[in-house]
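Novice: The structure is given below, and queries will be raised subsequently.
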Amino acid sequence: MRVVELGTTFMVPYATELMAQMGAEVIKVEPPAGDLVRWIADPTGRGVGPVFMNANRGKRSVRLDLRDDGDYAAFLRLVERCDVFVHNRTPRSVASLRIGHAELSSRNPGLVYCAVRGYGEEGRYRDRPAYDDVVQAASGLAAAQTNGGEPSYVRTPVADKTTGVFALSAVLAALFERERSGRGQAVEVPMFECMAAFTLFEQQGGYVYDPPRGPAGYARTAAEHRRPYRTADGLLGVTVYTDEQWRRFFALVDRADLAADPRFGSVAARNDNVEELYAFLADVLRTRSTQEWMADFVPAGIPAMPVHGVEDLFDDPHLADVGFFRAAEQPGVGRVRFARFPIRFSRTPAGSDGTTSEPAAPGEAR
């Protein structure tokens, strides 16, 4: 599959980077000044900063000024020979650049045309600019992070990346349909609507009924004590969830009686009393070291892991076991490391992106 991308920042480049790792030929069309992400945290001054390299590995690139007739003609030639076109332009920008579905599909009827934008074209917000933080705020996601305090943003561009995965799945569905019908189509992937649906999945609460039968929200994720827990010497992520897991945990801490407590004996009861339950969990975990808890939790089947910093991932033994990091030479930069495509295919392995020459060793110089 050949994909032409007219995208910047994170959302569309993330979607098409996943496509490249699954074997697509991706051609990135950049404006004369280049993608602005090129220079984010770039220590080289060459326009190949770490975010840009992660978002665009395995792609080819061409600089075109679509307002120039000659460059626009070159762009049309690319579109005529591609399967998928993906962009993140507002409707107003699409019109001014002459890159609408009607113009492009007239030259390539089989084209899957994917518009990834801030807001759906039929709504009143259609021409408003949107970035990750803005959509986290608008979609209810920031408010869902309050944990007893002010709304806050998830500290990764989760709206951009989640919408990028929506775009990937939409393109794959449209390509599958094209195999049956022989026809392309326009696909719209709006950030706001995607993230509203993403947030409502478990947060809709009583508003799933019409009229509502209770407040919105999900008590477990809103609990004040739902956070990494302090141990005697560090931090531990623990999610005790099922009836059996709670029975095992209560037995481990010599409180088997709590398994029969009506407040904690079922999923519904625990959800209703989650603040008290998680406060108990937090108090108990402070009494022993992280490794002592892990020595009991692993054989008991209780989901738990020590809290990792981002840097710790590069020394994680499991990631080393599965060959998660791959090394390559980046022209003009030197040796670099990337996370491989995390999904495994038994017959058609992914990762045809030019970065899979050899596994990177754990602890290799960063």
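Here's how to read the names in the structure tokens: chain A, B, ... by the order shown, residue numbers from 1 in each chain, ligand numbers from 1 in the order shown.
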I'd like the contact shell of Ala304 (chain A) - 9 Å cut-off, only C-alpha atoms, skipping same-chain residues fewer than 2 positions apart - returned as a count of residues only.
Specialist: 12
Novice: Which residues are close to region 110-127 of chain A, i.e. within 9 Å by only C-alpha atoms, leaving aside same-chain residues fewer than 2 positions away? Reply as a compact mmCIF listing (two decimals) with all heavy atoms, in the first residue's frame.
Specialist:
# COMPACT_ATOMS: atom_id res chain seq x y z
N MET A 11 -0.62 13.69 15.54
CA MET A 11 -1.79 12.84 15.30
C MET A 11 -1.68 12.03 14.00
O MET A 11 -1.69 10.79 14.03
CB MET A 11 -3.05 13.71 15.31
CG MET A 11 -4.35 12.98 15.16
SD MET A 11 -5.73 14.08 15.57
CE MET A 11 -5.44 15.46 14.45
N VAL A 12 -1.60 12.71 12.87
CA VAL A 12 -1.49 12.00 11.60
C VAL A 12 -0.14 11.31 11.46
O VAL A 12 -0.08 10.14 11.03
CB VAL A 12 -1.76 12.97 10.42
CG1 VAL A 12 -1.23 12.40 9.11
CG2 VAL A 12 -3.26 13.24 10.31
N VAL A 79 -0.76 11.58 -5.65
CA VAL A 79 -2.09 11.10 -5.24
C VAL A 79 -2.65 10.11 -6.26
O VAL A 79 -3.29 9.12 -5.88
CB VAL A 79 -3.04 12.29 -5.04
CG1 VAL A 79 -4.48 11.81 -4.86
CG2 VAL A 79 -2.61 13.12 -3.84
N GLU A 80 -2.39 10.34 -7.53
CA GLU A 80 -2.90 9.44 -8.57
C GLU A 80 -2.34 8.03 -8.43
O GLU A 80 -2.96 7.06 -8.87
CB GLU A 80 -2.55 10.00 -9.95
CG GLU A 80 -3.37 11.24 -10.31
CD GLU A 80 -2.83 11.94 -11.55
OE1 GLU A 80 -1.76 11.51 -12.05
OE2 GLU A 80 -3.44 12.93 -11.99
N CYS A 82 -1.40 6.56 -5.39
CA CYS A 82 -1.41 6.08 -4.01
C CYS A 82 -2.75 5.39 -3.69
O CYS A 82 -3.73 5.52 -4.41
CB CYS A 82 -1.12 7.21 -3.03
SG CYS A 82 -2.49 8.32 -2.70
N ASP A 83 -2.76 4.68 -2.60
CA ASP A 83 -3.97 4.01 -2.11
C ASP A 83 -4.70 4.85 -1.07
O ASP A 83 -5.92 4.80 -0.98
CB ASP A 83 -3.60 2.66 -1.49
CG ASP A 83 -2.96 1.73 -2.48
OD1 ASP A 83 -3.71 1.16 -3.30
OD2 ASP A 83 -1.74 1.57 -2.46
N VAL A 84 -3.90 5.59 -0.26
CA VAL A 84 -4.45 6.31 0.88
C VAL A 84 -3.86 7.71 0.92
O VAL A 84 -2.64 7.88 0.72
CB VAL A 84 -4.12 5.58 2.21
CG1 VAL A 84 -4.66 6.36 3.41
CG2 VAL A 84 -4.65 4.16 2.20
N PHE A 85 -4.70 8.69 1.18
CA PHE A 85 -4.24 10.05 1.46
C PHE A 85 -4.77 10.45 2.83
O PHE A 85 -5.96 10.29 3.12
CB PHE A 85 -4.76 11.03 0.40
CG PHE A 85 -4.46 12.48 0.72
CD1 PHE A 85 -3.17 12.93 0.82
CD2 PHE A 85 -5.50 13.38 0.93
CE1 PHE A 85 -2.89 14.27 1.12
CE2 PHE A 85 -5.25 14.71 1.23
CZ PHE A 85 -3.93 15.15 1.32
N VAL A 86 -3.87 10.92 3.71
CA VAL A 86 -4.24 11.29 5.07
C VAL A 86 -3.76 12.70 5.34
O VAL A 86 -2.61 13.05 5.06
CB VAL A 86 -3.61 10.34 6.13
CG1 VAL A 86 -4.25 10.57 7.49
CG2 VAL A 86 -3.76 8.89 5.71
N HIS A 87 -4.64 13.53 5.93
CA HIS A 87 -4.24 14.90 6.28
C HIS A 87 -4.92 15.31 7.58
O HIS A 87 -5.85 14.66 8.05
CB HIS A 87 -4.60 15.88 5.15
CG HIS A 87 -6.07 16.15 5.02
ND1 HIS A 87 -6.73 17.07 5.80
CD2 HIS A 87 -7.02 15.63 4.20
CE1 HIS A 87 -8.00 17.12 5.47
NE2 HIS A 87 -8.21 16.23 4.51
N ASN A 88 -4.43 16.41 8.16
CA ASN A 88 -5.07 16.96 9.36
C ASN A 88 -5.33 18.45 9.21
O ASN A 88 -5.03 19.25 10.09
CB ASN A 88 -4.23 16.68 10.63
CG ASN A 88 -2.86 17.32 10.60
OD1 ASN A 88 -2.32 17.63 9.55
ND2 ASN A 88 -2.28 17.53 11.78
N ARG A 89 -5.89 18.84 8.10
CA ARG A 89 -6.21 20.23 7.79
C ARG A 89 -7.66 20.55 8.12
O ARG A 89 -8.54 19.70 8.03
CB ARG A 89 -5.96 20.51 6.31
CG ARG A 89 -4.53 20.26 5.87
CD ARG A 89 -3.61 21.37 6.33
NE ARG A 89 -2.24 21.18 5.89
CZ ARG A 89 -1.35 22.16 5.78
NH1 ARG A 89 -1.70 23.39 6.09
NH2 ARG A 89 -0.13 21.91 5.40
N THR A 90 -7.91 21.81 8.47
CA THR A 90 -9.29 22.25 8.68
C THR A 90 -10.01 22.34 7.34
O THR A 90 -9.36 22.43 6.28
CB THR A 90 -9.32 23.64 9.35
OG1 THR A 90 -8.75 24.60 8.45
CG2 THR A 90 -8.57 23.63 10.68
N PRO A 91 -11.34 22.33 7.33
CA PRO A 91 -12.07 22.46 6.07
C PRO A 91 -11.67 23.71 5.28
O PRO A 91 -11.57 23.67 4.04
CB PRO A 91 -13.53 22.52 6.51
CG PRO A 91 -13.56 21.73 7.78
CD PRO A 91 -12.26 22.04 8.46
N ARG A 92 -11.41 24.81 5.98
CA ARG A 92 -11.01 26.05 5.29
C ARG A 92 -9.66 25.87 4.59
O ARG A 92 -9.47 26.29 3.45
CB ARG A 92 -10.95 27.18 6.32
CG ARG A 92 -10.74 28.56 5.72
CD ARG A 92 -10.84 29.60 6.83
NE ARG A 92 -12.17 29.57 7.43
CZ ARG A 92 -12.47 30.15 8.60
NH1 ARG A 92 -11.53 30.76 9.30
NH2 ARG A 92 -13.71 30.10 9.06
N GLY A 100 -9.42 18.74 -1.39
CA GLY A 100 -10.66 18.11 -0.96
C GLY A 100 -10.85 16.74 -1.60
O GLY A 100 -10.21 16.38 -2.59
N HIS A 101 -11.80 15.99 -1.05
CA HIS A 101 -12.07 14.66 -1.56
C HIS A 101 -12.52 14.69 -3.01
O HIS A 101 -12.11 13.83 -3.82
CB HIS A 101 -13.14 13.98 -0.70
CG HIS A 101 -13.51 12.61 -1.18
ND1 HIS A 101 -14.78 12.31 -1.64
CD2 HIS A 101 -12.79 11.47 -1.29
CE1 HIS A 101 -14.82 11.05 -2.00
NE2 HIS A 101 -13.64 10.51 -1.79
N LEU A 104 -9.46 15.18 -5.38
CA LEU A 104 -8.50 14.08 -5.44
C LEU A 104 -9.13 12.78 -5.93
O LEU A 104 -8.50 12.03 -6.68
CB LEU A 104 -7.85 13.89 -4.07
CG LEU A 104 -7.13 15.12 -3.49
CD1 LEU A 104 -6.33 14.73 -2.26
CD2 LEU A 104 -6.25 15.80 -4.52
N SER A 105 -10.37 12.51 -5.53
CA SER A 105 -10.99 11.26 -5.96
C SER A 105 -11.34 11.29 -7.44
O SER A 105 -11.46 10.23 -8.07
CB SER A 105 -12.24 10.97 -5.13
OG SER A 105 -13.23 11.96 -5.32
N ARG A 107 -9.36 12.13 -9.66
CA ARG A 107 -8.14 11.65 -10.30
C ARG A 107 -7.80 10.23 -9.90
O ARG A 107 -7.01 9.56 -10.58
CB ARG A 107 -6.97 12.57 -9.96
CG ARG A 107 -7.12 13.97 -10.54
CD ARG A 107 -6.00 14.88 -10.09
NE ARG A 107 -6.05 16.13 -10.81
CZ ARG A 107 -5.41 16.39 -11.96
NH1 ARG A 107 -4.67 15.43 -12.51
NH2 ARG A 107 -5.51 17.54 -12.56
N ASN A 108 -8.37 9.77 -8.77
CA ASN A 108 -8.07 8.43 -8.27
C ASN A 108 -9.32 7.89 -7.58
O ASN A 108 -9.48 8.02 -6.36
CB ASN A 108 -6.88 8.50 -7.29
CG ASN A 108 -6.47 7.13 -6.78
OD1 ASN A 108 -7.16 6.12 -7.00
ND2 ASN A 108 -5.36 7.08 -6.07
N PRO A 129 -9.26 25.69 15.41
CA PRO A 129 -8.04 24.88 15.55
C PRO A 129 -8.11 24.04 16.81
O PRO A 129 -8.79 24.40 17.77
CB PRO A 129 -6.93 25.94 15.65
CG PRO A 129 -7.61 27.15 16.21
CD PRO A 129 -9.02 27.13 15.67
N ALA A 130 -7.41 22.93 16.81
CA ALA A 130 -7.44 22.04 17.97
C ALA A 130 -6.09 21.38 18.14
O ALA A 130 -5.47 20.96 17.16
CB ALA A 130 -8.52 20.98 17.80
N TYR A 131 -5.66 21.30 19.38
CA TYR A 131 -4.48 20.54 19.74
C TYR A 131 -4.85 19.58 20.87
O TYR A 131 -5.93 19.65 21.44
CB TYR A 131 -3.33 21.45 20.17
CG TYR A 131 -2.69 22.19 19.02
CD1 TYR A 131 -2.98 23.53 18.78
CD2 TYR A 131 -1.80 21.53 18.16
CE1 TYR A 131 -2.40 24.21 17.72
CE2 TYR A 131 -1.22 22.21 17.09
CZ TYR A 131 -1.51 23.55 16.88
OH TYR A 131 -0.95 24.20 15.83
N VAL A 135 -8.37 19.39 23.24
CA VAL A 135 -9.34 18.31 23.11
C VAL A 135 -9.43 17.51 24.41
O VAL A 135 -10.52 17.04 24.77
CB VAL A 135 -8.99 17.42 21.90
CG1 VAL A 135 -9.87 16.18 21.86
CG2 VAL A 135 -9.16 18.22 20.61
N THR A 163 -6.40 9.32 18.71
CA THR A 163 -7.07 9.64 17.45
C THR A 163 -6.28 9.08 16.28
O THR A 163 -6.86 8.64 15.28
CB THR A 163 -7.27 11.15 17.31
OG1 THR A 163 -7.95 11.66 18.46
CG2 THR A 163 -8.10 11.48 16.07
N GLY A 164 -4.95 9.06 16.39
CA GLY A 164 -4.14 8.44 15.34
C GLY A 164 -4.46 6.96 15.18
O GLY A 164 -4.50 6.44 14.06
N ALA A 167 -7.65 6.67 13.40
CA ALA A 167 -7.44 6.90 11.97
C ALA A 167 -6.88 5.64 11.29
O ALA A 167 -7.32 5.27 10.19
CB ALA A 167 -6.49 8.08 11.76
N ALA A 170 -9.69 3.17 10.91
CA ALA A 170 -10.64 3.61 9.89
C ALA A 170 -10.10 3.36 8.49
O ALA A 170 -10.82 2.90 7.59
CB ALA A 170 -10.95 5.09 10.07
N VAL A 171 -8.82 3.65 8.28
CA VAL A 171 -8.20 3.42 6.98
C VAL A 171 -8.18 1.94 6.65
O VAL A 171 -8.49 1.52 5.52
CB VAL A 171 -6.78 4.02 6.95
CG1 VAL A 171 -5.98 3.49 5.76
CG2 VAL A 171 -6.84 5.54 6.90
N ALA A 174 -11.61 0.90 5.60
CA ALA A 174 -11.95 1.39 4.27
C ALA A 174 -11.20 0.61 3.18
O ALA A 174 -11.76 0.35 2.10
CB ALA A 174 -11.63 2.89 4.17
N LEU A 175 -9.95 0.25 3.44
CA LEU A 175 -9.21 -0.56 2.48
C LEU A 175 -9.83 -1.95 2.33
O LEU A 175 -9.92 -2.50 1.23
CB LEU A 175 -7.75 -0.68 2.91
CG LEU A 175 -6.89 0.57 2.75
CD1 LEU A 175 -5.54 0.38 3.42
CD2 LEU A 175 -6.71 0.92 1.27
N ARG A 178 -12.82 -1.60 0.24
CA ARG A 178 -12.45 -1.38 -1.16
C ARG A 178 -12.12 -2.69 -1.87
O ARG A 178 -12.35 -2.82 -3.08
CB ARG A 178 -11.25 -0.43 -1.23
CG ARG A 178 -10.97 0.07 -2.64
CD ARG A 178 -9.73 0.94 -2.70
NE ARG A 178 -8.51 0.17 -2.49
CZ ARG A 178 -7.28 0.67 -2.63
NH1 ARG A 178 -7.12 1.95 -2.95
NH2 ARG A 178 -6.22 -0.09 -2.43
N GLY A 182 -14.27 -2.26 -4.79
CA GLY A 182 -13.43 -1.66 -5.80
C GLY A 182 -13.44 -0.14 -5.79
O GLY A 182 -12.85 0.49 -6.67
N ARG A 183 -14.08 0.45 -4.78
CA ARG A 183 -14.25 1.91 -4.75
C ARG A 183 -13.61 2.49 -3.49
O ARG A 183 -13.65 1.90 -2.42
CB ARG A 183 -15.73 2.28 -4.78
CG ARG A 183 -16.45 1.76 -6.01
CD ARG A 183 -17.95 1.88 -5.84
NE ARG A 183 -18.36 3.24 -5.59
CZ ARG A 183 -19.57 3.60 -5.13
NH1 ARG A 183 -20.45 2.66 -4.83
NH2 ARG A 183 -19.85 4.86 -4.94
N GLY A 184 -13.04 3.67 -3.66
CA GLY A 184 -12.53 4.41 -2.51
C GLY A 184 -13.65 5.18 -1.84
O GLY A 184 -14.81 5.15 -2.26
N GLN A 185 -13.30 5.90 -0.77
CA GLN A 185 -14.29 6.74 -0.09
C GLN A 185 -13.58 7.73 0.81
O GLN A 185 -12.39 7.61 1.10
CB GLN A 185 -15.26 5.90 0.72
CG GLN A 185 -14.64 5.09 1.84
CD GLN A 185 -15.68 4.29 2.60
OE1 GLN A 185 -16.66 4.85 3.11
NE2 GLN A 185 -15.50 2.97 2.68
N ALA A 186 -14.35 8.72 1.27
CA ALA A 186 -13.85 9.71 2.24
C ALA A 186 -14.13 9.21 3.65
O ALA A 186 -15.20 8.69 3.93
CB ALA A 186 -14.50 11.06 2.01
N VAL A 187 -13.14 9.37 4.52
CA VAL A 187 -13.26 8.99 5.92
C VAL A 187 -12.90 10.20 6.77
O VAL A 187 -11.84 10.80 6.57
CB VAL A 187 -12.30 7.82 6.26
CG1 VAL A 187 -12.42 7.43 7.72
CG2 VAL A 187 -12.56 6.62 5.36
N GLU A 188 -13.77 10.56 7.69
CA GLU A 188 -13.49 11.67 8.60
C GLU A 188 -13.23 11.13 10.00
O GLU A 188 -14.02 10.32 10.52
CB GLU A 188 -14.67 12.65 8.65
CG GLU A 188 -14.39 13.85 9.55
CD GLU A 188 -15.59 14.79 9.68
OE1 GLU A 188 -16.63 14.34 10.22
OE2 GLU A 188 -15.48 15.94 9.25
N VAL A 189 -12.13 11.56 10.62
CA VAL A 189 -11.76 11.13 11.97
C VAL A 189 -11.57 12.39 12.82
O VAL A 189 -10.48 12.96 12.84
CB VAL A 189 -10.48 10.27 11.95
CG1 VAL A 189 -10.16 9.74 13.34
CG2 VAL A 189 -10.60 9.13 10.95
N PRO A 190 -12.60 12.84 13.53
CA PRO A 190 -12.50 14.07 14.32
C PRO A 190 -12.03 13.81 15.75
O PRO A 190 -12.56 12.95 16.45
CB PRO A 190 -13.93 14.61 14.31
CG PRO A 190 -14.80 13.43 14.06
CD PRO A 190 -13.98 12.34 13.45
N MET A 191 -11.01 14.55 16.18
CA MET A 191 -10.43 14.36 17.52
C MET A 191 -11.47 14.47 18.63
O MET A 191 -11.51 13.65 19.54
CB MET A 191 -9.36 15.41 17.78
CG MET A 191 -8.05 15.24 17.09
SD MET A 191 -6.91 16.59 17.55
CE MET A 191 -6.37 16.05 19.19
N PHE A 192 -12.25 15.53 18.60
CA PHE A 192 -13.19 15.80 19.69
C PHE A 192 -14.16 14.65 19.86
O PHE A 192 -14.37 14.12 20.97
CB PHE A 192 -13.92 17.12 19.41
CG PHE A 192 -14.96 17.48 20.44
CD1 PHE A 192 -14.72 17.34 21.79
CD2 PHE A 192 -16.19 17.98 20.04
CE1 PHE A 192 -15.67 17.68 22.74
CE2 PHE A 192 -17.16 18.33 20.97
CZ PHE A 192 -16.90 18.18 22.33
N GLU A 193 -14.77 14.22 18.76
CA GLU A 193 -15.73 13.13 18.83
C GLU A 193 -15.06 11.81 19.24
O GLU A 193 -15.60 11.03 20.02
CB GLU A 193 -16.45 12.97 17.49
CG GLU A 193 -17.43 14.10 17.17
CD GLU A 193 -16.82 15.20 16.33
OE1 GLU A 193 -15.71 15.68 16.67
OE2 GLU A 193 -17.45 15.60 15.32
Novice: Considering only C-alpha atoms, can you say which of A:Ser61, A:Thr221, A:Ser152, A:Thr9 comes closest to Glu30 (chain A)?
Specialist: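 For Glu30 (chain A), the nearest of the candidates is A:Ser61.
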Novice: Could you write out, as a PyMOL selection string, all the residues of region 125-353 of chain A that DSSP marks as helix (DSSP H, G or I)?
Specialist: chain A and resi 132-138+143-145+158-181+191-203+205-208+219-222+243-252+256-260+267-272+274-285+290-300+310-315+317-321
Novice: What's the separation between CA of Asp321 (chain A) and CA of Val336 (chain A), in Å to one decimal place?
Specialist: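 Between CA of Asp321 (chain A) and CA of Val336 (chain A) the gap is 19.5 Å.
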Novice: Skipping near chain neighbours, those fewer than 4 positions away, what residues fall within 8 Å of region 153-157 of chain A using only C-alpha atoms, listed as a PyMOL selection string?
Specialist: chain A and resi 10+132-133+136-137+141-142+145+161
Novice: Find the spatial neighbours of Ala279 (chain A), counting only C-alpha atoms, within a cut-off of 6 Å - ignore same-chain residues fewer than 3 positions away - and output them as a list in words.
Specialist: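 Close residues of Ala279 (chain A): His225, Glu276 and Ala282 of chain A.
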Novice: Keeping only all heavy atoms, write the selected residues as a PDB file, in the first residue's frame.
Specialist:
ATOM      1  N   HIS A 225      -7.296   7.524  46.417  1.00  0.00           N
ATOM      2  CA  HIS A 225      -6.130   6.681  46.653  1.00  0.00           C
ATOM      3  C   HIS A 225      -5.789   5.794  45.459  1.00  0.00           C
ATOM      4  O   HIS A 225      -4.961   4.882  45.599  1.00  0.00           O
ATOM      5  CB  HIS A 225      -6.357   5.816  47.897  1.00  0.00           C
ATOM      6  CG  HIS A 225      -6.388   6.599  49.164  1.00  0.00           C
ATOM      7  ND1 HIS A 225      -5.262   7.067  49.796  1.00  0.00           N
ATOM      8  CD2 HIS A 225      -7.438   7.047  49.911  1.00  0.00           C
ATOM      9  CE1 HIS A 225      -5.590   7.731  50.884  1.00  0.00           C
ATOM     10  NE2 HIS A 225      -6.913   7.727  50.981  1.00  0.00           N
ATOM     11  N   GLU A 276     -12.600   3.729  50.843  1.00  0.00           N
ATOM     12  CA  GLU A 276     -12.187   3.045  52.065  1.00  0.00           C
ATOM     13  C   GLU A 276     -11.270   1.867  51.752  1.00  0.00           C
ATOM     14  O   GLU A 276     -10.259   1.630  52.441  1.00  0.00           O
ATOM     15  CB  GLU A 276     -13.426   2.578  52.825  1.00  0.00           C
ATOM     16  CG  GLU A 276     -13.148   1.979  54.183  1.00  0.00           C
ATOM     17  CD  GLU A 276     -14.419   1.617  54.922  1.00  0.00           C
ATOM     18  OE1 GLU A 276     -15.531   1.848  54.377  1.00  0.00           O
ATOM     19  OE2 GLU A 276     -14.307   1.086  56.041  1.00  0.00           O
ATOM     20  N   ALA A 282      -3.484   1.293  50.587  1.00  0.00           N
ATOM     21  CA  ALA A 282      -2.348   2.217  50.696  1.00  0.00           C
ATOM     22  C   ALA A 282      -1.639   2.074  52.035  1.00  0.00           C
ATOM     23  O   ALA A 282      -0.400   2.078  52.102  1.00  0.00           O
ATOM     24  CB  ALA A 282      -2.831   3.652  50.491  1.00  0.00           C
TER      25      ALA A 282
END
Novice: Tell me, as a PDB file with C-alpha atoms, in the first residue's frame, which residues lie within 8 Å of Arg230 (chain A), counting only C-alpha atoms; anything in the same chain fewer than 2 positions away does not count.
Specialist:
ATOM      1  CA  PRO A 228       1.010   4.389  42.656  1.00  0.00           C
ATOM      2  CA  ALA A 232       8.656   0.934  52.631  1.00  0.00           C
ATOM      3  CA  ASP A 233      11.302   1.839  50.034  1.00  0.00           C
ATOM      4  CA  GLY A 234       9.644   2.899  46.802  1.00  0.00           C
ATOM      5  CA  LEU A 235       6.498   2.941  44.684  1.00  0.00           C
ATOM      6  CA  LEU A 236       4.344   0.085  43.421  1.00  0.00           C
ATOM      7  CA  ALA A 282      -2.348   2.217  50.696  1.00  0.00           C
ATOM      8  CA  LEU A 285       1.578  -1.463  51.310  1.00  0.00           C
ATOM      9  CA  ARG A 286       3.699   0.977  53.320  1.00  0.00           C
TER      10      ARG A 286
END
Novice: Give me, please, the distance in Å between CA of Pro31 (chain A) and CA of Asp65 (chain A), quoted to one decimal.
Specialist: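 Going from CA of Pro31 (chain A) over to CA of Asp65 (chain A) covers 5.6 Å.
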Novice: Which of these, A:Leu319, A:Leu66, A:Thr16, A:Tyr241, has the shortest distance to Ser93 (chain A) once you count only C-alpha atoms?
Specialist: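 Once distances to Ser93 (chain A) are computed over only C-alpha atoms, the minimum belongs to A:Leu66.
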Novice: With only C-alpha atoms as the basis for distance, which of A:Glu244, A:Asp257, A:Glu103, A:Asp160 is at the shortest distance from Ala55 (chain A)?
Specialist: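 Nearest candidate to Ala55 (chain A) out of A:Glu244, A:Asp257, A:Glu103, A:Asp160: A:Asp160.
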Novice: Grab the CA of Arg63 (chain A) to CA of Gly34 (chain A) distance for me, in Å with one decimal place.
Specialist: 7.0 Å
Novice: Leaving out Pro215 (chain A) and any residue of its chain fewer than 6 positions from it, which residues lie within 12 Å of it when counting only C-alpha atoms, given as a list in words?
Specialist: Gln203, Gln204, Gly205, Gly206, Tyr207, Val208 and Tyr209 of chain A
Novice: Print the selection's residues with all heavy atoms to a file, as a compact mmCIF listing (two decimals), in the first residue's frame.
Specialist:
# COMPACT_ATOMS: atom_id res chain seq x y z
N GLN A 203 -16.86 6.29 31.66
CA GLN A 203 -17.19 7.45 32.50
C GLN A 203 -18.64 7.92 32.35
O GLN A 203 -19.05 8.83 33.07
CB GLN A 203 -16.25 8.62 32.14
CG GLN A 203 -14.79 8.37 32.43
CD GLN A 203 -14.46 8.29 33.90
OE1 GLN A 203 -15.14 8.87 34.74
NE2 GLN A 203 -13.41 7.54 34.24
N GLN A 204 -19.40 7.32 31.45
CA GLN A 204 -20.77 7.81 31.22
C GLN A 204 -21.67 7.59 32.43
O GLN A 204 -22.57 8.39 32.71
CB GLN A 204 -21.36 7.16 29.97
CG GLN A 204 -22.67 7.81 29.53
CD GLN A 204 -23.07 7.38 28.14
OE1 GLN A 204 -22.28 6.77 27.40
NE2 GLN A 204 -24.30 7.68 27.73
N GLY A 205 -21.44 6.50 33.15
CA GLY A 205 -22.17 6.26 34.39
C GLY A 205 -23.67 6.28 34.19
O GLY A 205 -24.22 5.68 33.26
N GLY A 206 -24.37 7.00 35.10
CA GLY A 206 -25.83 7.04 35.06
C GLY A 206 -26.38 7.72 33.82
O GLY A 206 -27.58 7.58 33.53
N TYR A 207 -25.53 8.42 33.07
CA TYR A 207 -26.00 9.11 31.87
C TYR A 207 -26.14 8.17 30.68
O TYR A 207 -26.52 8.60 29.59
CB TYR A 207 -25.07 10.27 31.52
CG TYR A 207 -25.41 11.52 32.29
CD1 TYR A 207 -25.20 11.60 33.66
CD2 TYR A 207 -25.97 12.61 31.65
CE1 TYR A 207 -25.53 12.73 34.38
CE2 TYR A 207 -26.29 13.76 32.36
CZ TYR A 207 -26.08 13.81 33.72
OH TYR A 207 -26.41 14.95 34.42
N VAL A 208 -25.85 6.87 30.87
CA VAL A 208 -26.13 5.92 29.81
C VAL A 208 -27.64 5.71 29.66
O VAL A 208 -28.12 5.28 28.61
CB VAL A 208 -25.41 4.58 30.09
CG1 VAL A 208 -26.13 3.77 31.14
CG2 VAL A 208 -25.24 3.77 28.80
N TYR A 209 -28.38 6.05 30.72
CA TYR A 209 -29.83 5.95 30.68
C TYR A 209 -30.43 7.30 30.30
O TYR A 209 -29.86 8.35 30.57
CB TYR A 209 -30.37 5.53 32.06
CG TYR A 209 -29.75 4.27 32.58
CD1 TYR A 209 -28.76 4.32 33.57
CD2 TYR A 209 -30.12 3.03 32.08
CE1 TYR A 209 -28.16 3.17 34.04
CE2 TYR A 209 -29.52 1.87 32.56
CZ TYR A 209 -28.54 1.94 33.54
OH TYR A 209 -27.95 0.80 34.00
Novice: Run DSSP on the backbone and tell me which residues of region 236-343 of chain A come out as strand (DSSP E); list them as a list in words.
Specialist: Leu236, Gly237, Val238, Ala304, Met305, Pro306, Phe325, Arg326, Ala327, Ala328, Glu329, Gln330, Gly334, Arg335, Val336, Arg337, Phe338 and Ala339 of chain A
Novice: Compare A:Ala216, A:Val307, A:Val274, A:Val267 by their minimum atom-to-atom distance to Thr290 (chain A), counting only C-alpha atoms, and give me the closest one.
Specialist: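 Under the stated criterion, the closest residue is A:Val307.
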Novice: For Arg270 (chain A), find every residue with an atom within 12 Å (counting only C-alpha atoms), except residues of its own chain fewer than 2 positions away, and show them as an mmCIF file with C-alpha atoms, in the first residue's frame.
Specialist:
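Written out: part_29.cif:
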data_model
loop_
_atom_site.group_PDB
_atom_site.id
_atom_site.type_symbol
_atom_site.label_atom_id
_atom_site.label_comp_id
_atom_site.auth_asym_id
_atom_site.auth_seq_id
_atom_site.Cartn_x
_atom_site.Cartn_y
_atom_site.Cartn_z
ATOM 1 C CA ALA A 219 -15.959 5.555 41.064
ATOM 2 C CA ARG A 220 -12.891 3.322 40.918
ATOM 3 C CA ALA A 223 -10.814 7.326 43.931
ATOM 4 C CA VAL A 240 -6.383 -5.926 42.893
ATOM 5 C CA TYR A 241 -9.607 -6.378 40.956
ATOM 6 C CA THR A 242 -11.438 -9.707 40.906
ATOM 7 C CA ASP A 243 -13.073 -11.472 43.862
ATOM 8 C CA TRP A 246 -8.985 -9.720 46.690
ATOM 9 C CA LEU A 258 -12.376 -8.867 54.950
ATOM 10 C CA ALA A 259 -13.260 -11.219 52.085
ATOM 11 C CA ALA A 260 -16.580 -11.831 53.866
ATOM 12 C CA ASP A 261 -17.099 -8.152 54.718
ATOM 13 C CA PRO A 262 -20.267 -6.975 52.891
ATOM 14 C CA ARG A 263 -18.428 -3.779 51.896
ATOM 15 C CA PHE A 264 -15.788 -5.701 49.941
ATOM 16 C CA GLY A 265 -17.317 -9.062 48.994
ATOM 17 C CA SER A 266 -18.324 -8.239 45.392
ATOM 18 C CA VAL A 267 -17.368 -5.974 42.513
ATOM 19 C CA ALA A 268 -20.442 -3.790 43.102
ATOM 20 C CA ASP A 272 -19.414 1.582 46.275
ATOM 21 C CA ASN A 273 -16.733 1.554 48.999
ATOM 22 C CA VAL A 274 -13.662 2.082 46.863
ATOM 23 C CA GLU A 275 -12.252 5.031 48.830
ATOM 24 C CA GLU A 276 -12.187 3.045 52.065
ATOM 25 C CA LEU A 277 -10.819 -0.042 50.321
ATOM 26 C CA TYR A 278 -8.009 1.789 48.537
#
